[in-house]
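Undergrad: Have a look at this one.
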Amino acid sequence: MAELNKHLFGKLKGTFGSAVFRQRNGKNYISQKPVSYTPPNNENYFIRTSKFKVAAKIASTIHTNENLKNIWSIFKPKNQSLYNYLISVVYPELNDNSVNHSLQITPASSFNININSTEVNSNNIKITLQTLNNNDVDTSSETNCKLTSIIFMNTPSTNGIYNFDVYTISSEPKQIDVTNPLEFNFTLSSLIQDKINQHQEKMLFMSLLTYDNMNNLINYSSTSFYQM
């Protein structure tokens, strides 16, 4: 956008051919109309567009979870926004409108969790983990934990429903125990219950977050997957 001398041209506003004249803060500016663009009408273009929408939604959902946002902020490049970085992380894990089981909602970690059992009810998801490894958790500083998850739903069961939905859900904090399995409950809102019932494919991507006694985040596990 070029600046025009106001003393020479006076006040300019409007269009002339492909030129657009504007005023901003008492100054004249001229720019060119954007070139019209017709998106290609082919399958590859629609697949890329669809995948980008899914990636953007998942990235946005991770971004709204304060703990996940803070974890990923440590790893993002300095010259890139966190949101754009998350899209670049998520996009390769997509297959059309679906998500690969290898999707990571947290960066890779040496701390891993294993699911012992699951129970899904109409308004609750219960996840029991295998007993934590003493080498993964320092109980002198890590006193509490909670399970946080991204739930991805796909393949609508009826017409007129959006192709996919993504939500973040978290359990209540629980005291860390390295001698017994840990059980976590996700209480589902009526909105998420409805969404689950409306889709055939449901996936949970989970990470265990650990905290000190002042509720400061200490560590996180790699992502674990569960097909509902």
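Labeling convention for the structure tokens: chains A, B, ... as they appear, residues from 1 per chain, ligands from 1 in order of appearance.
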Each residue of segment 114-146 of chain A with at least one atom at most 8 Å from segment 187-199 of chain A should appear once, together with its nearest atom pair and the corresponding distance in Å (one decimal); atoms considered: only C-alpha atoms; ordering: chain, then increasing residue number; output as a Markdown table.
TA:
```
| residue | atom | partner | partner_atom | distance |
| --- | --- | --- | --- | --- |
| A:Ser122 | CA | A:Gln193 | CA | 6.7 |
| A:Asn123 | CA | A:Leu188 | CA | 5.0 |
| A:Asn124 | CA | A:Thr187 | CA | 4.7 |
| A:Ile125 | CA | A:Thr187 | CA | 6.7 |
```
Undergrad: Write out as a PyMOL selection string all residues of segment 97-225 of chain A that DSSP puts in strand (DSSP E) for this structure's backbone.
TA: chain A and resi 98-99+115-120+124-129+144-156+164-170+174-175+182-187+199-211+217-220+224-225
Undergrad: At a cut-off of 10 Å, using only C-alpha atoms, what residues contact segment 166-183 of chain A? Leave out same-chain residues fewer than 5 positions from it and give the result as a PyMOL selection string.
TA: chain A and resi 54+57-65+115-118+125-139+142-154+188-189+192+195+202-211+213+215
Undergrad: Hey, can you check how far atom CA of Ala55 of chain A sits from atom CA of Tyr91 of chain A?
TA: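 Separation between atom CA of Ala55 of chain A and atom CA of Tyr91 of chain A: 5.2 Å.
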Undergrad: Quick one: DSSP alpha helix (DSSP H) residues in segment 55-137 of chain A, as a list in words?
TA: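 In segment 55-137 of chain A, DSSP puts these residues in alpha helix (DSSP H): Ala55, Ala56, Lys57, Ile58, Ala59, Ser60, Thr61, Ile62, His63, Thr64, Glu66, Asn67, Leu68, Lys69, Asn70, Ile71, Trp72, Ser73, Leu82, Tyr83, Asn84, Tyr85, Leu86, Ile87, Ser88, Val89 and Val90 of chain A.
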Undergrad: Could you check the closest approach to Trp72 of chain A for each of A:Asn84, A:Leu94, A:Val99, A:Thr106 and tell me which residue wins, using only C-alpha atoms?
TA: A:Thr106
Undergrad: At what distance in Å, to one decimal, does atom CA of Tyr162 of chain A lie from atom CA of Lys53 of chain A?
TA: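 One can read the atom CA of Lys53 of chain A to atom CA of Tyr162 of chain A distance as 11.9 Å.
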Undergrad: Suppose you want the space between atom CA of Ile218 of chain A and atom CA of Leu82 of chain A; what is it in Å?
TA: 20.7 Å
Undergrad: Using only C-alpha atoms, which of the listed residues (A:Ala108, A:Ile74, A:Ala56, A:Met228) sits closest to Ile87 of chain A?
TA: A:Ala56
